[in-house]
Amino acid sequence: MTVRLLLAGGGTAGHVNPLLALADAVRDSAVGADGAEILVLGTAEGLESRLVPERGYELATIPRVPFPRRPDPAAARFPRDFARAVAQAERAIDAVGADVVVGFGGYVATPAYRAAARRGVPVVIHEQNVRAGLANRLGARTAAAVALTFAETRLRARRGETTHVGLPMRADVSALARRPDAGRQAAHDAAAARLGLDPTRPVLLVTGGSLGAQRINLAMAGAATDLTAAGVQVLHAAGRGKVDSVAAAAAAAGEDYHLVEYLDDMASAYAAASLVLGRSGAGTVCEQAAVGLPGVYVPLPIGNGEQRLNVRALEEAGGAVVVEDAAMTPDAVRAIVLPLLLDAERRGRMAAAARAHGVADGAERLRDLVLRTRRVARG
């Protein structure tokens, strides 16, 4: 019988990428069987409005209805707006005939969870961060199952199953993570060739996500020539609209400093890199641990502190070095990042620790949980 799912999540890559990885895992496993029908519930403003159709899935949209934080006109409108969003989510459930609703947090998740309860459809929640967001904390009260990216996350399904599945990752990154030791050097050499890098010399990958991280960019600009003078190659994705802040320093550092706005092929960047310098969002930490890439992480010092929590266990396992945002300066690059790049033995130990800590099959684990929940619900 056809598997019918409503996947709810969006806004940021942290919600959209795991959602799409699950969709792909369900779709691929259904080939040759009875097939799968998947509808994604998101917003018209978030990344999902572009990424979901590009991946070949249908997107149904509902308005963003943030929970009110203060008494203002938006708070007065909230009951009406939330009820409308729930009604639209119910129509999406009916449209696909959902057997299960899978939520990834964000603005659309809470209306989807409420709509599922009204329709009698079981909910599976995937929480990406160590510190769970509000939508998933509310949803866990009635969810059939909760899947955790990080084992230490304290979120639990009050009435159902809670399990650690890791982060569902893009297929190319997951394939790299599962590559046996015997094939990793070949993958490294091929990726370096694609990116115009010398596979025999260390490569520092610098990334702050699609929007970049200006604190890291400025620190790199101040230490660029020190890195390349030491024989290090730099692959630096500065972020949309942020190349100018590094361009002059990169040019002065010479041809070994490869500055781009954005990297589309992150699997190749991971395979080519010796060390990564970046933020510690859940996706970043989980992907880099799974592929065995040692990292220097600079947690974003805003929000609820989730980025510092996301990297804590990896740091304790020996796969990461953490530098606080205020301390990320050119001197920190010279004192912390550069010595690590030149110490292959230490990087090897960190890589082994990271890989042992990471989860390569998060998409399949979550898929199996969703299908198991479906079987239980159907009796």
# chains A, B, ... in the order shown; residues from 1 in each chain; ligands from 1

$ residues_around --residues "Pro68 of chain A" --least-positions-apart "5" --cutoff "10 Å" --atoms "only C-alpha atoms" --output "list in words"
Pro73, Ala74, Ala75, Ala76, Arg77 and Phe78 of chain A

$ write_last_selection --atoms "C-alpha atoms" --output "PDB file, in the first residue's frame"
ATOM      1  CA  PRO A  73      -1.527  43.690  17.776  1.00  0.00           C
ATOM      2  CA  ALA A  74       0.025  40.444  16.498  1.00  0.00           C
ATOM      3  CA  ALA A  75      -0.783  38.776  19.827  1.00  0.00           C
ATOM      4  CA  ALA A  76      -4.394  39.886  19.535  1.00  0.00           C
ATOM      5  CA  ARG A  77      -4.615  38.366  16.057  1.00  0.00           C
ATOM      6  CA  PHE A  78      -2.837  35.153  17.015  1.00  0.00           C
TER       7      PHE A  78
END

$ residues_around --residues "Val100 of chain A" --least-positions-apart "2" --cutoff "8 Å" --atoms "only C-alpha atoms" --output "ChimeraX atom specification"
/A:4-6,98,102,121-124,370,373-374

$ atom_distance --atom1 "atom CA of Glu161 of chain A" --atom2 "atom CA of Ala147 of chain A"
8.4 Å

$ select_by_dssp --residues "segment 176-242 of chain A" --states "alpha helix (DSSP H)" --output "mmCIF file with all heavy atoms, in the first residue's frame"
data_model
loop_
_atom_site.group_PDB
_atom_site.id
_atom_site.type_symbol
_atom_site.label_atom_id
_atom_site.label_comp_id
_atom_site.auth_asym_id
_atom_site.auth_seq_id
_atom_site.Cartn_x
_atom_site.Cartn_y
_atom_site.Cartn_z
ATOM 1 N N LEU A 176 29.699 9.811 1.433
ATOM 2 C CA LEU A 176 31.075 10.070 1.821
ATOM 3 C C LEU A 176 31.345 9.545 3.223
ATOM 4 O O LEU A 176 32.395 8.943 3.484
ATOM 5 C CB LEU A 176 31.356 11.574 1.755
ATOM 6 C CG LEU A 176 32.739 12.034 2.233
ATOM 7 C CD1 LEU A 176 33.835 11.466 1.335
ATOM 8 C CD2 LEU A 176 32.804 13.565 2.272
ATOM 9 N N ALA A 177 30.399 9.760 4.132
ATOM 10 C CA ALA A 177 30.569 9.302 5.511
ATOM 11 C C ALA A 177 30.671 7.786 5.596
ATOM 12 O O ALA A 177 31.356 7.252 6.474
ATOM 13 C CB ALA A 177 29.399 9.802 6.365
ATOM 14 N N ARG A 178 30.007 7.081 4.699
ATOM 15 C CA ARG A 178 30.010 5.615 4.742
ATOM 16 C C ARG A 178 31.157 4.992 3.947
ATOM 17 O O ARG A 178 31.322 3.774 3.945
ATOM 18 C CB ARG A 178 28.687 5.088 4.184
ATOM 19 C CG ARG A 178 27.476 5.518 4.987
ATOM 20 C CD ARG A 178 26.234 4.883 4.410
ATOM 21 N NE ARG A 178 25.101 5.784 4.481
ATOM 22 C CZ ARG A 178 23.854 5.377 4.640
ATOM 23 N NH1 ARG A 178 23.588 4.099 4.725
ATOM 24 N NH2 ARG A 178 22.872 6.241 4.698
ATOM 25 N N ASP A 181 37.593 3.087 4.856
ATOM 26 C CA ASP A 181 38.892 3.743 4.975
ATOM 27 C C ASP A 181 39.726 3.588 3.704
ATOM 28 O O ASP A 181 40.439 4.513 3.302
ATOM 29 C CB ASP A 181 39.662 3.168 6.163
ATOM 30 C CG ASP A 181 39.039 3.580 7.492
ATOM 31 O OD1 ASP A 181 38.286 4.562 7.508
ATOM 32 O OD2 ASP A 181 39.306 2.908 8.506
ATOM 33 N N ALA A 182 39.626 2.414 3.079
ATOM 34 C CA ALA A 182 40.448 2.137 1.897
ATOM 35 C C ALA A 182 40.140 3.081 0.737
ATOM 36 O O ALA A 182 40.990 3.306 -0.131
ATOM 37 C CB ALA A 182 40.254 0.686 1.454
ATOM 38 N N GLY A 183 38.924 3.632 0.708
ATOM 39 C CA GLY A 183 38.549 4.503 -0.403
ATOM 40 C C GLY A 183 38.586 5.984 -0.090
ATOM 41 O O GLY A 183 38.318 6.811 -0.969
ATOM 42 N N ARG A 184 38.947 6.348 1.123
ATOM 43 C CA ARG A 184 38.875 7.758 1.508
ATOM 44 C C ARG A 184 39.970 8.605 0.871
ATOM 45 O O ARG A 184 39.756 9.767 0.535
ATOM 46 C CB ARG A 184 38.878 7.877 3.033
ATOM 47 C CG ARG A 184 37.614 7.299 3.648
ATOM 48 C CD ARG A 184 37.643 7.295 5.151
ATOM 49 N NE ARG A 184 37.252 8.552 5.735
ATOM 50 C CZ ARG A 184 36.000 8.989 5.852
ATOM 51 N NH1 ARG A 184 35.003 8.268 5.384
ATOM 52 N NH2 ARG A 184 35.737 10.121 6.439
ATOM 53 N N GLN A 185 41.152 8.031 0.681
ATOM 54 C CA GLN A 185 42.220 8.790 0.040
ATOM 55 C C GLN A 185 41.882 9.098 -1.412
ATOM 56 O O GLN A 185 42.111 10.205 -1.912
ATOM 57 C CB GLN A 185 43.548 8.029 0.105
ATOM 58 C CG GLN A 185 44.742 8.811 -0.448
ATOM 59 C CD GLN A 185 45.015 10.082 0.328
ATOM 60 O OE1 GLN A 185 45.070 10.078 1.557
ATOM 61 N NE2 GLN A 185 45.190 11.205 -0.394
ATOM 62 N N ALA A 186 41.283 8.118 -2.090
ATOM 63 C CA ALA A 186 40.882 8.340 -3.478
ATOM 64 C C ALA A 186 39.807 9.418 -3.563
ATOM 65 O O ALA A 186 39.824 10.268 -4.467
ATOM 66 C CB ALA A 186 40.372 7.038 -4.094
ATOM 67 N N ALA A 187 38.876 9.413 -2.600
ATOM 68 C CA ALA A 187 37.835 10.442 -2.585
ATOM 69 C C ALA A 187 38.453 11.814 -2.333
ATOM 70 O O ALA A 187 38.049 12.815 -2.943
ATOM 71 C CB ALA A 187 36.803 10.123 -1.511
ATOM 72 N N HIS A 188 39.436 11.855 -1.439
ATOM 73 C CA HIS A 188 40.136 13.116 -1.151
ATOM 74 C C HIS A 188 40.842 13.650 -2.398
ATOM 75 O O HIS A 188 40.714 14.834 -2.750
ATOM 76 C CB HIS A 188 41.149 12.894 -0.027
ATOM 77 C CG HIS A 188 42.108 14.033 0.154
ATOM 78 N ND1 HIS A 188 41.764 15.208 0.792
ATOM 79 C CD2 HIS A 188 43.400 14.177 -0.247
ATOM 80 C CE1 HIS A 188 42.804 16.026 0.793
ATOM 81 N NE2 HIS A 188 43.811 15.436 0.174
ATOM 82 N N ASP A 189 41.570 12.776 -3.067
ATOM 83 C CA ASP A 189 42.327 13.207 -4.243
ATOM 84 C C ASP A 189 41.396 13.702 -5.346
ATOM 85 O O ASP A 189 41.664 14.736 -5.992
ATOM 86 C CB ASP A 189 43.183 12.047 -4.766
ATOM 87 C CG ASP A 189 44.301 11.671 -3.796
ATOM 88 O OD1 ASP A 189 44.531 12.407 -2.825
ATOM 89 O OD2 ASP A 189 44.927 10.603 -4.015
ATOM 90 N N ALA A 190 40.297 12.981 -5.570
ATOM 91 C CA ALA A 190 39.365 13.374 -6.625
ATOM 92 C C ALA A 190 38.687 14.698 -6.298
ATOM 93 O O ALA A 190 38.513 15.561 -7.175
ATOM 94 C CB ALA A 190 38.325 12.273 -6.828
ATOM 95 N N ALA A 191 38.305 14.881 -5.031
ATOM 96 C CA ALA A 191 37.651 16.129 -4.636
ATOM 97 C C ALA A 191 38.611 17.303 -4.757
ATOM 98 O O ALA A 191 38.230 18.388 -5.221
ATOM 99 C CB ALA A 191 37.132 16.006 -3.201
ATOM 100 N N ALA A 192 39.858 17.105 -4.346
ATOM 101 C CA ALA A 192 40.848 18.172 -4.474
ATOM 102 C C ALA A 192 41.030 18.585 -5.931
ATOM 103 O O ALA A 192 41.111 19.775 -6.252
ATOM 104 C CB ALA A 192 42.175 17.719 -3.866
ATOM 105 N N ALA A 193 41.074 17.603 -6.814
ATOM 106 C CA ALA A 193 41.224 17.909 -8.237
ATOM 107 C C ALA A 193 40.043 18.716 -8.759
ATOM 108 O O ALA A 193 40.212 19.680 -9.523
ATOM 109 C CB ALA A 193 41.372 16.609 -9.026
ATOM 110 N N ARG A 194 38.819 18.356 -8.326
ATOM 111 C CA ARG A 194 37.633 19.094 -8.773
ATOM 112 C C ARG A 194 37.673 20.542 -8.299
ATOM 113 O O ARG A 194 37.176 21.442 -8.985
ATOM 114 C CB ARG A 194 36.363 18.410 -8.244
ATOM 115 C CG ARG A 194 35.965 17.160 -8.971
ATOM 116 C CD ARG A 194 34.541 16.730 -8.623
ATOM 117 N NE ARG A 194 34.405 16.338 -7.221
ATOM 118 C CZ ARG A 194 34.641 15.115 -6.753
ATOM 119 N NH1 ARG A 194 35.055 14.160 -7.577
ATOM 120 N NH2 ARG A 194 34.465 14.831 -5.473
ATOM 121 N N LEU A 195 38.246 20.780 -7.146
ATOM 122 C CA LEU A 195 38.239 22.116 -6.560
ATOM 123 C C LEU A 195 39.514 22.902 -6.843
ATOM 124 O O LEU A 195 39.682 24.015 -6.351
ATOM 125 C CB LEU A 195 38.031 22.000 -5.048
ATOM 126 C CG LEU A 195 36.668 21.446 -4.627
ATOM 127 C CD1 LEU A 195 36.662 21.084 -3.145
ATOM 128 C CD2 LEU A 195 35.557 22.446 -4.936
ATOM 129 N N GLN A 214 30.501 36.814 9.584
ATOM 130 C CA GLN A 214 31.407 37.938 9.405
ATOM 131 C C GLN A 214 32.552 37.936 10.414
ATOM 132 O O GLN A 214 33.666 38.358 10.099
ATOM 133 C CB GLN A 214 30.623 39.251 9.480
ATOM 134 C CG GLN A 214 31.393 40.466 8.987
ATOM 135 C CD GLN A 214 31.704 40.411 7.476
ATOM 136 O OE1 GLN A 214 31.433 39.419 6.809
ATOM 137 N NE2 GLN A 214 32.283 41.471 6.959
ATOM 138 N N ARG A 215 32.287 37.466 11.627
ATOM 139 C CA ARG A 215 33.362 37.394 12.610
ATOM 140 C C ARG A 215 34.489 36.488 12.115
ATOM 141 O O ARG A 215 35.673 36.826 12.203
ATOM 142 C CB ARG A 215 32.817 36.856 13.936
ATOM 143 C CG ARG A 215 33.885 36.585 14.998
ATOM 144 C CD ARG A 215 34.333 37.838 15.699
ATOM 145 N NE ARG A 215 33.310 38.346 16.573
ATOM 146 C CZ ARG A 215 33.462 39.374 17.411
ATOM 147 N NH1 ARG A 215 34.621 40.010 17.447
ATOM 148 N NH2 ARG A 215 32.473 39.785 18.172
ATOM 149 N N ILE A 216 34.129 35.350 11.559
ATOM 150 C CA ILE A 216 35.132 34.423 11.027
ATOM 151 C C ILE A 216 35.795 35.019 9.795
ATOM 152 O O ILE A 216 37.011 34.914 9.607
ATOM 153 C CB ILE A 216 34.480 33.062 10.717
ATOM 154 C CG1 ILE A 216 33.980 32.413 12.010
ATOM 155 C CG2 ILE A 216 35.455 32.142 9.996
ATOM 156 C CD1 ILE A 216 33.196 31.138 11.797
ATOM 157 N N ASN A 217 35.016 35.667 8.944
ATOM 158 C CA ASN A 217 35.582 36.292 7.742
ATOM 159 C C ASN A 217 36.669 37.306 8.096
ATOM 160 O O ASN A 217 37.744 37.344 7.478
ATOM 161 C CB ASN A 217 34.478 36.986 6.942
ATOM 162 C CG ASN A 217 33.566 36.015 6.223
ATOM 163 O OD1 ASN A 217 33.887 34.843 6.079
ATOM 164 N ND2 ASN A 217 32.424 36.503 5.788
ATOM 165 N N LEU A 218 36.390 38.146 9.079
ATOM 166 C CA LEU A 218 37.350 39.185 9.449
ATOM 167 C C LEU A 218 38.603 38.583 10.082
ATOM 168 O O LEU A 218 39.725 39.060 9.853
ATOM 169 C CB LEU A 218 36.696 40.188 10.391
ATOM 170 C CG LEU A 218 35.555 41.022 9.776
ATOM 171 C CD1 LEU A 218 34.911 41.919 10.823
ATOM 172 C CD2 LEU A 218 36.049 41.837 8.589
ATOM 173 N N ALA A 219 38.413 37.527 10.879
ATOM 174 C CA ALA A 219 39.571 36.851 11.463
ATOM 175 C C ALA A 219 40.442 36.231 10.380
ATOM 176 O O ALA A 219 41.680 36.310 10.421
ATOM 177 C CB ALA A 219 39.104 35.783 12.450
ATOM 178 N N MET A 220 39.805 35.632 9.391
ATOM 179 C CA MET A 220 40.556 35.028 8.287
ATOM 180 C C MET A 220 41.268 36.088 7.459
ATOM 181 O O MET A 220 42.415 35.890 7.026
ATOM 182 C CB MET A 220 39.613 34.220 7.407
ATOM 183 C CG MET A 220 39.165 32.906 8.033
ATOM 184 S SD MET A 220 40.544 31.764 8.320
ATOM 185 C CE MET A 220 41.170 31.577 6.655
ATOM 186 N N ALA A 221 40.626 37.223 7.238
ATOM 187 C CA ALA A 221 41.255 38.283 6.455
ATOM 188 C C ALA A 221 42.547 38.754 7.120
ATOM 189 O O ALA A 221 43.541 39.050 6.435
ATOM 190 C CB ALA A 221 40.286 39.451 6.291
ATOM 191 N N GLY A 222 42.554 38.780 8.443
ATOM 192 C CA GLY A 222 43.729 39.243 9.153
ATOM 193 C C GLY A 222 44.858 38.238 9.230
ATOM 194 O O GLY A 222 45.995 38.600 9.570
ATOM 195 N N ALA A 223 44.554 36.966 8.930
ATOM 196 C CA ALA A 223 45.583 35.924 9.036
ATOM 197 C C ALA A 223 45.818 35.191 7.724
ATOM 198 O O ALA A 223 46.534 34.189 7.690
ATOM 199 C CB ALA A 223 45.176 34.918 10.117
ATOM 200 N N ALA A 224 45.245 35.683 6.639
ATOM 201 C CA ALA A 224 45.296 34.967 5.358
ATOM 202 C C ALA A 224 46.715 34.700 4.898
ATOM 203 O O ALA A 224 47.060 33.582 4.497
ATOM 204 C CB ALA A 224 44.520 35.754 4.303
ATOM 205 N N THR A 225 47.570 35.723 4.934
ATOM 206 C CA THR A 225 48.937 35.539 4.427
ATOM 207 C C THR A 225 49.750 34.611 5.323
ATOM 208 O O THR A 225 50.636 33.901 4.832
ATOM 209 C CB THR A 225 49.651 36.895 4.300
ATOM 210 O OG1 THR A 225 49.607 37.571 5.566
ATOM 211 C CG2 THR A 225 48.978 37.755 3.241
ATOM 212 N N ASP A 226 49.453 34.584 6.614
ATOM 213 C CA ASP A 226 50.159 33.665 7.516
ATOM 214 C C ASP A 226 49.855 32.215 7.141
ATOM 215 O O ASP A 226 50.739 31.348 7.198
ATOM 216 C CB ASP A 226 49.740 33.909 8.963
ATOM 217 C CG ASP A 226 50.061 35.308 9.440
ATOM 218 O OD1 ASP A 226 51.207 35.551 9.846
ATOM 219 O OD2 ASP A 226 49.154 36.159 9.374
ATOM 220 N N LEU A 227 48.630 31.939 6.777
ATOM 221 C CA LEU A 227 48.229 30.576 6.423
ATOM 222 C C LEU A 227 48.914 30.118 5.137
ATOM 223 O O LEU A 227 49.525 29.047 5.092
ATOM 224 C CB LEU A 227 46.711 30.508 6.280
ATOM 225 C CG LEU A 227 45.915 30.655 7.581
ATOM 226 C CD1 LEU A 227 44.458 30.954 7.289
ATOM 227 C CD2 LEU A 227 46.022 29.384 8.418
ATOM 228 N N THR A 228 48.793 30.926 4.097
ATOM 229 C CA THR A 228 49.364 30.491 2.823
ATOM 230 C C THR A 228 50.892 30.483 2.859
ATOM 231 O O THR A 228 51.529 29.646 2.208
ATOM 232 C CB THR A 228 48.868 31.377 1.662
ATOM 233 O OG1 THR A 228 49.165 32.756 1.946
ATOM 234 C CG2 THR A 228 47.358 31.209 1.468
ATOM 235 N N ALA A 229 51.500 31.369 3.647
ATOM 236 C CA ALA A 229 52.965 31.357 3.772
ATOM 237 C C ALA A 229 53.458 30.077 4.425
ATOM 238 O O ALA A 229 54.593 29.640 4.185
ATOM 239 C CB ALA A 229 53.420 32.571 4.582
#

$ closest_residue --among "A:Arg91, A:Arg118, A:Arg347, A:Arg50" --to "Val203 of chain A" --atoms "only C-alpha atoms"
A:Arg347

$ residues_around --residues "segment 136-143 of chain A" --least-positions-apart "2" --cutoff "9 Å" --atoms "only C-alpha atoms" --output "mmCIF file with C-alpha atoms, in the first residue's frame"
data_model
loop_
_atom_site.group_PDB
_atom_site.id
_atom_site.type_symbol
_atom_site.label_atom_id
_atom_site.label_comp_id
_atom_site.auth_asym_id
_atom_site.auth_seq_id
_atom_site.Cartn_x
_atom_site.Cartn_y
_atom_site.Cartn_z
ATOM 1 C CA GLY A 103 7.430 17.579 11.846
ATOM 2 C CA PHE A 104 10.839 19.223 11.895
ATOM 3 C CA GLY A 105 10.045 22.300 13.946
ATOM 4 C CA GLY A 106 9.674 25.880 12.817
ATOM 5 C CA ALA A 109 5.125 22.567 12.731
ATOM 6 C CA THR A 110 2.704 23.551 15.493
ATOM 7 C CA TYR A 113 0.745 18.925 14.920
ATOM 8 C CA ARG A 114 -2.608 20.388 15.933
ATOM 9 C CA ALA A 117 -4.460 15.565 16.329
ATOM 10 C CA PRO A 122 0.022 10.045 14.268
ATOM 11 C CA VAL A 123 2.885 12.529 14.521
ATOM 12 C CA VAL A 124 6.618 11.834 14.418
ATOM 13 C CA ILE A 125 8.839 14.733 15.506
ATOM 14 C CA HIS A 126 12.466 15.194 14.501
ATOM 15 C CA GLU A 127 14.419 17.603 16.724
ATOM 16 C CA ALA A 132 14.584 21.705 21.593
ATOM 17 C CA GLY A 133 12.526 24.489 20.045
ATOM 18 C CA LEU A 134 9.114 25.558 21.288
ATOM 19 C CA ALA A 145 7.367 9.253 18.415
ATOM 20 C CA VAL A 146 10.223 11.715 18.893
ATOM 21 C CA LEU A 155 12.915 16.132 24.679
ATOM 22 C CA ARG A 156 10.708 13.065 25.165
ATOM 23 C CA ALA A 157 7.448 11.788 23.682
ATOM 24 C CA ARG A 158 5.067 11.721 26.626
ATOM 25 C CA ARG A 159 2.937 8.940 25.166
ATOM 26 C CA GLY A 160 5.151 7.277 22.617
ATOM 27 C CA GLU A 161 8.644 6.260 21.556
#

$ residues_around --residues "segment 274-290 of chain A" --least-positions-apart "3" --cutoff "6 Å" --atoms "only C-alpha atoms" --output "list in words"
Asn129, Ala177, Pro202, Val203, Leu204, Leu205, Val206, Thr207, Gly208, Leu293, Pro294, Gly295, Val296, Tyr297, Val298, Pro299, Gln307, Asn310, Ala354, Arg355, Gly358, Val359 and Ala360 of chain A

$ residues_around --residues "Val26 of chain A" --least-positions-apart "6" --cutoff "9 Å" --atoms "only C-alpha atoms" --output "PyMOL selection string"
chain A and resi 3+35-36+38+363-364+367-368+371

$ write_last_selection --atoms "all heavy atoms" --output "PDB file, in the first residue's frame"
ATOM      1  N   VAL A   3       2.698   4.574   0.694  1.00  0.00           N
ATOM      2  CA  VAL A   3       3.030   5.353   1.882  1.00  0.00           C
ATOM      3  C   VAL A   3       2.678   6.810   1.608  1.00  0.00           C
ATOM      4  O   VAL A   3       3.128   7.387   0.620  1.00  0.00           O
ATOM      5  CB  VAL A   3       4.525   5.223   2.224  1.00  0.00           C
ATOM      6  CG1 VAL A   3       4.886   6.112   3.407  1.00  0.00           C
ATOM      7  CG2 VAL A   3       4.889   3.774   2.500  1.00  0.00           C
ATOM      8  N   GLY A  35       5.139   2.374  -3.747  1.00  0.00           N
ATOM      9  CA  GLY A  35       5.349   3.787  -3.979  1.00  0.00           C
ATOM     10  C   GLY A  35       5.090   4.645  -2.756  1.00  0.00           C
ATOM     11  O   GLY A  35       4.647   4.175  -1.705  1.00  0.00           O
ATOM     12  N   ALA A  36       5.386   5.923  -2.885  1.00  0.00           N
ATOM     13  CA  ALA A  36       5.184   6.877  -1.799  1.00  0.00           C
ATOM     14  C   ALA A  36       4.615   8.160  -2.364  1.00  0.00           C
ATOM     15  O   ALA A  36       4.982   8.589  -3.457  1.00  0.00           O
ATOM     16  CB  ALA A  36       6.508   7.159  -1.094  1.00  0.00           C
ATOM     17  N   ILE A  38       4.285  12.043  -1.141  1.00  0.00           N
ATOM     18  CA  ILE A  38       4.812  12.943  -0.118  1.00  0.00           C
ATOM     19  C   ILE A  38       4.407  14.370  -0.454  1.00  0.00           C
ATOM     20  O   ILE A  38       4.610  14.848  -1.567  1.00  0.00           O
ATOM     21  CB  ILE A  38       6.344  12.840  -0.043  1.00  0.00           C
ATOM     22  CG1 ILE A  38       6.764  11.428   0.393  1.00  0.00           C
ATOM     23  CG2 ILE A  38       6.917  13.885   0.907  1.00  0.00           C
ATOM     24  CD1 ILE A  38       8.249  11.167   0.269  1.00  0.00           C
ATOM     25  N   ALA A 363      19.033   9.455   7.934  1.00  0.00           N
ATOM     26  CA  ALA A 363      17.825   9.461   7.095  1.00  0.00           C
ATOM     27  C   ALA A 363      17.141   8.109   7.126  1.00  0.00           C
ATOM     28  O   ALA A 363      15.903   8.015   7.221  1.00  0.00           O
ATOM     29  CB  ALA A 363      18.189   9.850   5.667  1.00  0.00           C
ATOM     30  N   GLU A 364      17.920   7.043   7.061  1.00  0.00           N
ATOM     31  CA  GLU A 364      17.332   5.694   7.080  1.00  0.00           C
ATOM     32  C   GLU A 364      16.757   5.366   8.452  1.00  0.00           C
ATOM     33  O   GLU A 364      15.700   4.732   8.563  1.00  0.00           O
ATOM     34  CB  GLU A 364      18.390   4.666   6.683  1.00  0.00           C
ATOM     35  CG  GLU A 364      18.806   4.702   5.221  1.00  0.00           C
ATOM     36  CD  GLU A 364      19.779   5.831   4.911  1.00  0.00           C
ATOM     37  OE1 GLU A 364      20.278   6.482   5.865  1.00  0.00           O
ATOM     38  OE2 GLU A 364      20.038   6.074   3.718  1.00  0.00           O
ATOM     39  N   ARG A 367      13.511   7.273   8.644  1.00  0.00           N
ATOM     40  CA  ARG A 367      12.542   6.614   7.750  1.00  0.00           C
ATOM     41  C   ARG A 367      11.961   5.371   8.411  1.00  0.00           C
ATOM     42  O   ARG A 367      10.743   5.150   8.394  1.00  0.00           O
ATOM     43  CB  ARG A 367      13.231   6.226   6.441  1.00  0.00           C
ATOM     44  CG  ARG A 367      12.353   5.433   5.471  1.00  0.00           C
ATOM     45  CD  ARG A 367      13.207   4.665   4.482  1.00  0.00           C
ATOM     46  NE  ARG A 367      14.013   3.643   5.153  1.00  0.00           N
ATOM     47  CZ  ARG A 367      15.115   3.093   4.630  1.00  0.00           C
ATOM     48  NH1 ARG A 367      15.537   3.478   3.430  1.00  0.00           N
ATOM     49  NH2 ARG A 367      15.768   2.169   5.293  1.00  0.00           N
ATOM     50  N   ASP A 368      12.821   4.553   8.999  1.00  0.00           N
ATOM     51  CA  ASP A 368      12.340   3.318   9.619  1.00  0.00           C
ATOM     52  C   ASP A 368      11.408   3.605  10.791  1.00  0.00           C
ATOM     53  O   ASP A 368      10.420   2.885  11.007  1.00  0.00           O
ATOM     54  CB  ASP A 368      13.526   2.468  10.083  1.00  0.00           C
ATOM     55  CG  ASP A 368      14.344   1.916   8.914  1.00  0.00           C
ATOM     56  OD1 ASP A 368      13.851   1.980   7.762  1.00  0.00           O
ATOM     57  OD2 ASP A 368      15.468   1.444   9.155  1.00  0.00           O
ATOM     58  N   LEU A 371       8.012   4.657   9.278  1.00  0.00           N
ATOM     59  CA  LEU A 371       7.272   3.514   8.730  1.00  0.00           C
ATOM     60  C   LEU A 371       6.790   2.581   9.837  1.00  0.00           C
ATOM     61  O   LEU A 371       5.700   1.996   9.737  1.00  0.00           O
ATOM     62  CB  LEU A 371       8.158   2.750   7.739  1.00  0.00           C
ATOM     63  CG  LEU A 371       8.574   3.549   6.494  1.00  0.00           C
ATOM     64  CD1 LEU A 371       9.419   2.683   5.562  1.00  0.00           C
ATOM     65  CD2 LEU A 371       7.358   4.094   5.749  1.00  0.00           C
TER      66      LEU A 371
END

$ residues_around --residues "His258 of chain A" --least-positions-apart "2" --cutoff "10 Å" --atoms "only C-alpha atoms" --output "VMD selection string"
chain A and resid 195 to 197 205 233 to 237 247 250 to 251 253 to 256 260

$ write_last_selection --atoms "N, CA and C atoms" --output "short mmCIF file (atom, residue, chain, number, x, y, z; two decimals), in the first residue's frame"
data_model
loop_
_atom_site.label_atom_id
_atom_site.label_comp_id
_atom_site.auth_asym_id
_atom_site.auth_seq_id
_atom_site.Cartn_x
_atom_site.Cartn_y
_atom_site.Cartn_z
N LEU A 195 38.25 20.78 -7.15
CA LEU A 195 38.24 22.12 -6.56
C LEU A 195 39.51 22.90 -6.84
N GLY A 196 40.43 22.32 -7.63
CA GLY A 196 41.66 23.01 -7.99
C GLY A 196 42.66 23.10 -6.85
N LEU A 197 42.69 22.07 -5.99
CA LEU A 197 43.56 22.05 -4.82
C LEU A 197 44.63 20.96 -4.97
N LEU A 205 39.05 24.41 5.24
CA LEU A 205 37.73 24.79 4.74
C LEU A 205 37.11 25.76 5.73
N GLN A 233 46.52 25.59 2.10
CA GLN A 233 45.55 26.04 1.11
C GLN A 233 44.23 26.35 1.84
N VAL A 234 43.56 27.40 1.41
CA VAL A 234 42.32 27.82 2.05
C VAL A 234 41.19 27.78 1.03
N LEU A 235 40.11 27.13 1.39
CA LEU A 235 38.87 27.15 0.61
C LEU A 235 37.84 27.84 1.47
N HIS A 236 37.54 29.09 1.14
CA HIS A 236 36.76 29.96 2.03
C HIS A 236 35.45 30.37 1.35
N ALA A 237 34.34 29.89 1.88
CA ALA A 237 33.01 30.31 1.44
C ALA A 237 32.56 31.43 2.36
N ALA A 247 38.16 39.92 0.19
CA ALA A 247 38.75 39.86 -1.15
C ALA A 247 40.18 40.39 -1.21
N ALA A 250 42.54 38.01 0.56
CA ALA A 250 42.68 36.77 -0.20
C ALA A 250 43.61 36.97 -1.39
N ALA A 251 43.47 38.10 -2.07
CA ALA A 251 44.34 38.39 -3.21
C ALA A 251 45.79 38.52 -2.77
N ALA A 253 47.11 37.07 -0.26
CA ALA A 253 47.60 35.77 0.20
C ALA A 253 48.02 34.86 -0.95
N GLY A 254 47.63 35.19 -2.15
CA GLY A 254 48.08 34.43 -3.31
C GLY A 254 47.13 33.37 -3.79
N GLU A 255 47.59 32.58 -4.74
CA GLU A 255 46.72 31.62 -5.44
C GLU A 255 46.28 30.46 -4.56
N ASP A 256 46.88 30.25 -3.41
CA ASP A 256 46.46 29.18 -2.52
C ASP A 256 45.24 29.56 -1.67
N VAL A 260 35.30 32.07 -2.36
CA VAL A 260 34.04 31.98 -3.10
C VAL A 260 32.94 32.52 -2.21
#

$ residues_around --residues "Ala89 of chain A" --least-positions-apart "2" --cutoff "8 Å" --atoms "only C-alpha atoms" --output "number ranges by chain"
A: 41, 62, 85-87, 91-93, 111-112, 115
